[in-house]
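Quick notes on the structure that follows.
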Amino acid sequence: MTSSEHAPLSGMNLVIAAVILSLANFMVVLDTTIANVAMPTISGSIGVSTSQGTWIITSYAVAEAITIPLTGWLVRQVGEVRLFMICVIAFVFFSVCCGLAWSLESLIAFRVLQGLAGGPLIPLSSTLMLAVFPKSKANIALSLWGMVTVVAPIFGPILGGLISDNWHWGWVFHINVAFGICVIFGAMKVLRGRDGQTQRSRIDAVGLALLVVFVTSFQLMIDKGRELDWFSSPTIIVCAIVAAVSLIYLVIWELTDPNPMLDLSVFRSRNWLVSSITLSLMFGIFFGNIVLTPLWLQQQMGYTATWAGFATAPMGILAVLTAPIVGRLLPKVDPRWMVTYGMGVLAASFFMRAHLTSQADFMSVALAMLLLGAGIPACIITLTSLGVSDLPPERVANGAGLQNFLRVLSMALGSSLTQTYWEHMSKANRSELVSIIGPDAGNEIASAAVRAGMSPSSSTSFFSRLVDSQAVMLATNDFYALATVLMILSIGAIWLVKRPKGPLQKVTGH
């Protein structure tokens with residue numbers, strides 16, 4: 001008997017299970033963004049440059065991405081609940097170690113171990129959520145999981161900013177202790193004894209090695225590409241070649257190995273393939289937005305880290321309110337229409353952002369982010385459900401693990417490409433603005449400065465900063481215009497999915 005074949009929980013036990021599984025997912029996803037804001041503070045505290053400090057983020061992302069697709073194999077070795085408990089305890093322990101780190105090297109080492117422990121918790125939280133809920137309420141389970149996945153990255157910058165501004169940076173990691181204790185004791189109460197029979201199998205050492213090489217080289221290429229000017233750097237070229245070659249060999253090996261570590265057969269499912277690609281694209285753009293908004297607000301609009309987080313936070317309001325509604329509608333409405341609605345809302349929000357100016361106030365930014373929250377749950381919950389809708393029960397865990405793996409990679413890719421595009425368009429827009437300034441502009445600026453009581457030299461630097469500000473604003477508009485177009489195109493892609501036979505909670509049940 002597998003854990004999913006145990007009787008579903010009910011009453012207070014179901015409530016406790018829903019809370020602790022949501023918290024487990026929350027603290028792992030939270031750690032992908034909370035350190036981003038605190039990274040300059042951490043770097044200064046341990047005496048390293050900001051560019052060196054980015055390894056704090058990269059090391060966690062690499063380790064997490066490695067263990068997510070291994071979840072299915074690990075579950076077969078030790079069981080879902082047992083693996084869940086091991087990962088939670090290890091994640092909390094290494095979070096404490098991160099907060100007590102004494103050097104960059106020690107912090108990176110602990111972040112790697114923290115990421116290795118946290119990776120399996122993302123797919124495990126969703127599969128266990130489906131296992132403990134009655135089949136008739138499976139969409140409520142997915143709604144809770146999807147809501148937490150959306151809200152956690154939003155809270156990251158807020159909590160990171162507050163902690164960095166007011167307390168020691170170690171609390172960025174120590175905050176996981178409170179979450180972890182709740183999860184551990186709750187799981188001991190309601191999940192104990194729900195493991196099924198385990199099936200010992202040899203470890204696919206070659207496949208694991210190829211996966212580690214691919215993820216590490218790919219993540220290094222993405223994280224360091226912007227800093228090293230991408231393919232003009234030999235380091236980035238080498239990383240790209242190693243990533244491509246290792247990925248090709250990984251696919252060949254896993255398809256021919258009798259006991260593969262990764263079950264690539266899920267790629268034969270059209271629903272899984274289209275849903276996973278669409279989800280990855282959507283999440284990449286969404287995460288790019290999460291990264292870009294605080295950067296723009298802090299660097300160009302004069303916001304503090306805390307207030308930049310508050311401007312982003314309204315996205316969580318409608319995300320929380322609409323997630324249960326999406327869960328209730330999912331069995332009754334064609335899921336492709338649900339995704340169409342979600343993508344349409346995202347496109348509308350990005351379209352609003354594409355028309356902001358450098359005089360935009362707090363409410364203008366907050367309203368666009370508020371609207372964004374109304375579309376995210378419909379996309380994440382529905383696409384996650386569709387992805388496993390036509391997979392046989394024994395492949396659901398593998399499908400969920402690989403889908404989450406692609407989502408994590410798309411977050412890293414979306415973050416890096418968004419910043420690269422933003423910086424490139426800022427320079428291009430500045431060159432274009434400068435080129436249309438007339439030859440007599442200098443004299444006119446100097447004359448206006450004298451009349452305003454400024455010196456000609458200070459007026460020139462002031463005008464240069466003004467041009468820079470407008471160039472960055474135009475680059476921000478360009479990104480959101482492109483995001484709008486991509487969201488509209490994604491609407492067409494989702495209609496390639498076959499409509500599941502019957503309500504989604506039946507096919508995602510066990």
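All residue names refer to the structure tokens as shown: chains lettered A, B, ... in order, residues numbered from 1 in each chain, ligands numbered from 1 in order.
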
Got a sec: who's within 9 Å of stretch 404-410 of chain A, counting only C-alpha atoms, leaving out chain neighbours fewer than 3 positions off, as a list in words?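 Here the answer would be Ala61, Glu64, Ala65, Ile66, Thr67, Ile68, Pro69, Gly119, Ile122, Pro123, Val215, Phe218, Gln219, Ser276, Ile277, Leu279, Ser280, Leu281, Met282, Phe283, Gly284, Ile285, Phe287, Gly399, Ala400, Gly401, Leu413, Gly414 and Ser415 of chain A.
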
Between A:Tyr249, A:Met411, A:Arg430, A:Phe362, which one has atoms that come closest to A:Val472, using only C-alpha atoms?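 Among the listed residues, A:Arg430 lies closest to A:Val472.
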
Two-atom distance - atom CA of A:Ile380, atom CA of A:Ile488 (Å): 16.2 Å

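Using only C-alpha atoms for every distance, the candidate list A:Ser233, A:Thr382, A:Ser10, A:Ser431 yields A:Thr382 as the residue closest to A:Gly146.
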
Hey, what's within 9 Å of A:Ala7 if we count only C-alpha atoms and toss same-chain stuff fewer than 6 positions away? As number ranges by chain, please? A: 131-134

Need to verify the contact set: A:Cys379, 6 Å, only C-alpha atoms, exclusion of same-chain residues closer than 4 positions in sequence. Can you return it as an mmCIF file with C-alpha atoms, in the first residue's frame?
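What landed in around20.cif:
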data_model
loop_
_atom_site.group_PDB
_atom_site.id
_atom_site.type_symbol
_atom_site.label_atom_id
_atom_site.label_comp_id
_atom_site.auth_asym_id
_atom_site.auth_seq_id
_atom_site.Cartn_x
_atom_site.Cartn_y
_atom_site.Cartn_z
ATOM 1 C CA VAL A 339 -5.835 29.102 -17.882
ATOM 2 C CA GLY A 342 -5.443 33.555 -15.779
ATOM 3 C CA LEU A 383 -1.589 23.901 -15.148
#

Do a neighbour search on stretch 172-187 of chain A at 6 Å with only C-alpha atoms, toss out local chain neighbours closer than 5 positions, and write the hits as a PyMOL selection string. chain A and resi 20+92+95-96+99

Output for the residues just chosen: N, CA and C atoms as an mmCIF file, in the first residue's frame:
data_model
loop_
_atom_site.group_PDB
_atom_site.id
_atom_site.type_symbol
_atom_site.label_atom_id
_atom_site.label_comp_id
_atom_site.auth_asym_id
_atom_site.auth_seq_id
_atom_site.Cartn_x
_atom_site.Cartn_y
_atom_site.Cartn_z
ATOM 1 N N ILE A 20 0.422 22.222 7.846
ATOM 2 C CA ILE A 20 1.854 21.886 7.921
ATOM 3 C C ILE A 20 2.447 21.643 6.534
ATOM 4 N N VAL A 92 15.664 22.573 8.470
ATOM 5 C CA VAL A 92 15.697 23.465 9.637
ATOM 6 C C VAL A 92 17.097 23.509 10.236
ATOM 7 N N SER A 95 19.330 25.506 8.063
ATOM 8 C CA SER A 95 18.942 26.923 8.112
ATOM 9 C C SER A 95 19.600 27.605 9.308
ATOM 10 N N VAL A 96 19.586 26.915 10.461
ATOM 11 C CA VAL A 96 20.255 27.445 11.657
ATOM 12 C C VAL A 96 21.748 27.607 11.387
ATOM 13 N N GLY A 99 22.484 30.740 9.387
ATOM 14 C CA GLY A 99 22.434 31.958 10.191
ATOM 15 C C GLY A 99 23.624 32.133 11.101
#

Need the shell around A:Leu321: protein/DNA/RNA residues with any atom at most 12 Å away, counting only C-alpha atoms. Skip same-chain ones fewer than 5 positions apart. Format as a PyMOL selection string? chain A and resi 143-144+147-148+151+314-316+326-327+370-371+373-378

Taking 6 positions as the minimum chain separation for residues in the same chain, which residues sit within 12 Å of A:Met301 when counting only C-alpha atoms? Answer as a list in words.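 Neighbouring residues, sequence-local ones excluded: Thr293, Pro294, Leu295, Trp307, Ala308, Ala311, Thr357, Ser358, Gln359, Ala360, Asp361, Phe362, Val365, Ser469, Gln470, Val472 and Met473 of chain A.
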
Would you mind exporting the chosen residues as a PDB file, in the first residue's frame, restricted to N, CA, C and O atoms?
ATOM      1  N   THR A 293      10.606  44.472 -10.151  1.00  0.00           N
ATOM      2  CA  THR A 293       9.853  45.524  -9.467  1.00  0.00           C
ATOM      3  C   THR A 293      10.623  46.152  -8.304  1.00  0.00           C
ATOM      4  O   THR A 293      10.754  47.382  -8.240  1.00  0.00           O
ATOM      5  N   PRO A 294      11.166  45.363  -7.360  1.00  0.00           N
ATOM      6  CA  PRO A 294      11.953  46.000  -6.286  1.00  0.00           C
ATOM      7  C   PRO A 294      13.199  46.729  -6.798  1.00  0.00           C
ATOM      8  O   PRO A 294      13.559  47.786  -6.267  1.00  0.00           O
ATOM      9  N   LEU A 295      13.854  46.163  -7.823  1.00  0.00           N
ATOM     10  CA  LEU A 295      15.037  46.823  -8.389  1.00  0.00           C
ATOM     11  C   LEU A 295      14.679  48.196  -8.929  1.00  0.00           C
ATOM     12  O   LEU A 295      15.347  49.202  -8.647  1.00  0.00           O
ATOM     13  N   TRP A 307       9.758  49.283   1.637  1.00  0.00           N
ATOM     14  CA  TRP A 307       8.624  49.843   0.902  1.00  0.00           C
ATOM     15  C   TRP A 307       8.490  49.251  -0.504  1.00  0.00           C
ATOM     16  O   TRP A 307       7.384  49.153  -1.042  1.00  0.00           O
ATOM     17  N   ALA A 308       9.607  48.851  -1.088  1.00  0.00           N
ATOM     18  CA  ALA A 308       9.527  48.144  -2.368  1.00  0.00           C
ATOM     19  C   ALA A 308       8.791  46.818  -2.186  1.00  0.00           C
ATOM     20  O   ALA A 308       7.996  46.401  -3.042  1.00  0.00           O
ATOM     21  N   ALA A 311       5.065  47.499  -1.916  1.00  0.00           N
ATOM     22  CA  ALA A 311       4.456  47.792  -3.214  1.00  0.00           C
ATOM     23  C   ALA A 311       4.159  46.508  -3.983  1.00  0.00           C
ATOM     24  O   ALA A 311       3.221  46.453  -4.786  1.00  0.00           O
ATOM     25  N   THR A 357       4.789  55.752 -15.821  1.00  0.00           N
ATOM     26  CA  THR A 357       5.810  56.772 -16.092  1.00  0.00           C
ATOM     27  C   THR A 357       6.699  56.926 -14.855  1.00  0.00           C
ATOM     28  O   THR A 357       6.432  56.333 -13.806  1.00  0.00           O
ATOM     29  N   SER A 358       7.731  57.726 -14.985  1.00  0.00           N
ATOM     30  CA  SER A 358       8.642  57.948 -13.857  1.00  0.00           C
ATOM     31  C   SER A 358       7.986  58.757 -12.742  1.00  0.00           C
ATOM     32  O   SER A 358       8.563  58.915 -11.663  1.00  0.00           O
ATOM     33  N   GLN A 359       6.771  59.269 -12.995  1.00  0.00           N
ATOM     34  CA  GLN A 359       6.013  59.989 -11.954  1.00  0.00           C
ATOM     35  C   GLN A 359       4.973  59.085 -11.289  1.00  0.00           C
ATOM     36  O   GLN A 359       4.129  59.557 -10.516  1.00  0.00           O
ATOM     37  N   ALA A 360       5.019  57.789 -11.580  1.00  0.00           N
ATOM     38  CA  ALA A 360       4.024  56.865 -11.024  1.00  0.00           C
ATOM     39  C   ALA A 360       4.093  56.848  -9.496  1.00  0.00           C
ATOM     40  O   ALA A 360       5.177  56.830  -8.914  1.00  0.00           O
ATOM     41  N   ASP A 361       2.916  56.877  -8.855  1.00  0.00           N
ATOM     42  CA  ASP A 361       2.897  56.846  -7.394  1.00  0.00           C
ATOM     43  C   ASP A 361       2.750  55.411  -6.892  1.00  0.00           C
ATOM     44  O   ASP A 361       2.661  54.464  -7.673  1.00  0.00           O
ATOM     45  N   PHE A 362       2.748  55.265  -5.582  1.00  0.00           N
ATOM     46  CA  PHE A 362       2.686  53.950  -4.950  1.00  0.00           C
ATOM     47  C   PHE A 362       1.451  53.172  -5.394  1.00  0.00           C
ATOM     48  O   PHE A 362       1.526  51.980  -5.700  1.00  0.00           O
ATOM     49  N   VAL A 365       1.546  51.449  -8.890  1.00  0.00           N
ATOM     50  CA  VAL A 365       2.288  50.186  -8.890  1.00  0.00           C
ATOM     51  C   VAL A 365       1.495  49.111  -8.156  1.00  0.00           C
ATOM     52  O   VAL A 365       1.358  47.976  -8.629  1.00  0.00           O
ATOM     53  N   SER A 469      17.094  58.324 -16.115  1.00  0.00           N
ATOM     54  CA  SER A 469      15.838  57.913 -15.488  1.00  0.00           C
ATOM     55  C   SER A 469      14.788  57.548 -16.530  1.00  0.00           C
ATOM     56  O   SER A 469      14.090  56.532 -16.404  1.00  0.00           O
ATOM     57  N   GLN A 470      14.682  58.373 -17.578  1.00  0.00           N
ATOM     58  CA  GLN A 470      13.706  58.103 -18.631  1.00  0.00           C
ATOM     59  C   GLN A 470      14.070  56.846 -19.425  1.00  0.00           C
ATOM     60  O   GLN A 470      13.192  56.072 -19.832  1.00  0.00           O
ATOM     61  N   VAL A 472      15.653  54.200 -18.274  1.00  0.00           N
ATOM     62  CA  VAL A 472      15.303  53.041 -17.448  1.00  0.00           C
ATOM     63  C   VAL A 472      13.794  52.837 -17.430  1.00  0.00           C
ATOM     64  O   VAL A 472      13.306  51.700 -17.491  1.00  0.00           O
ATOM     65  N   MET A 473      13.031  53.920 -17.360  1.00  0.00           N
ATOM     66  CA  MET A 473      11.581  53.809 -17.361  1.00  0.00           C
ATOM     67  C   MET A 473      11.084  53.180 -18.663  1.00  0.00           C
ATOM     68  O   MET A 473      10.206  52.303 -18.659  1.00  0.00           O
TER      69      MET A 473
END
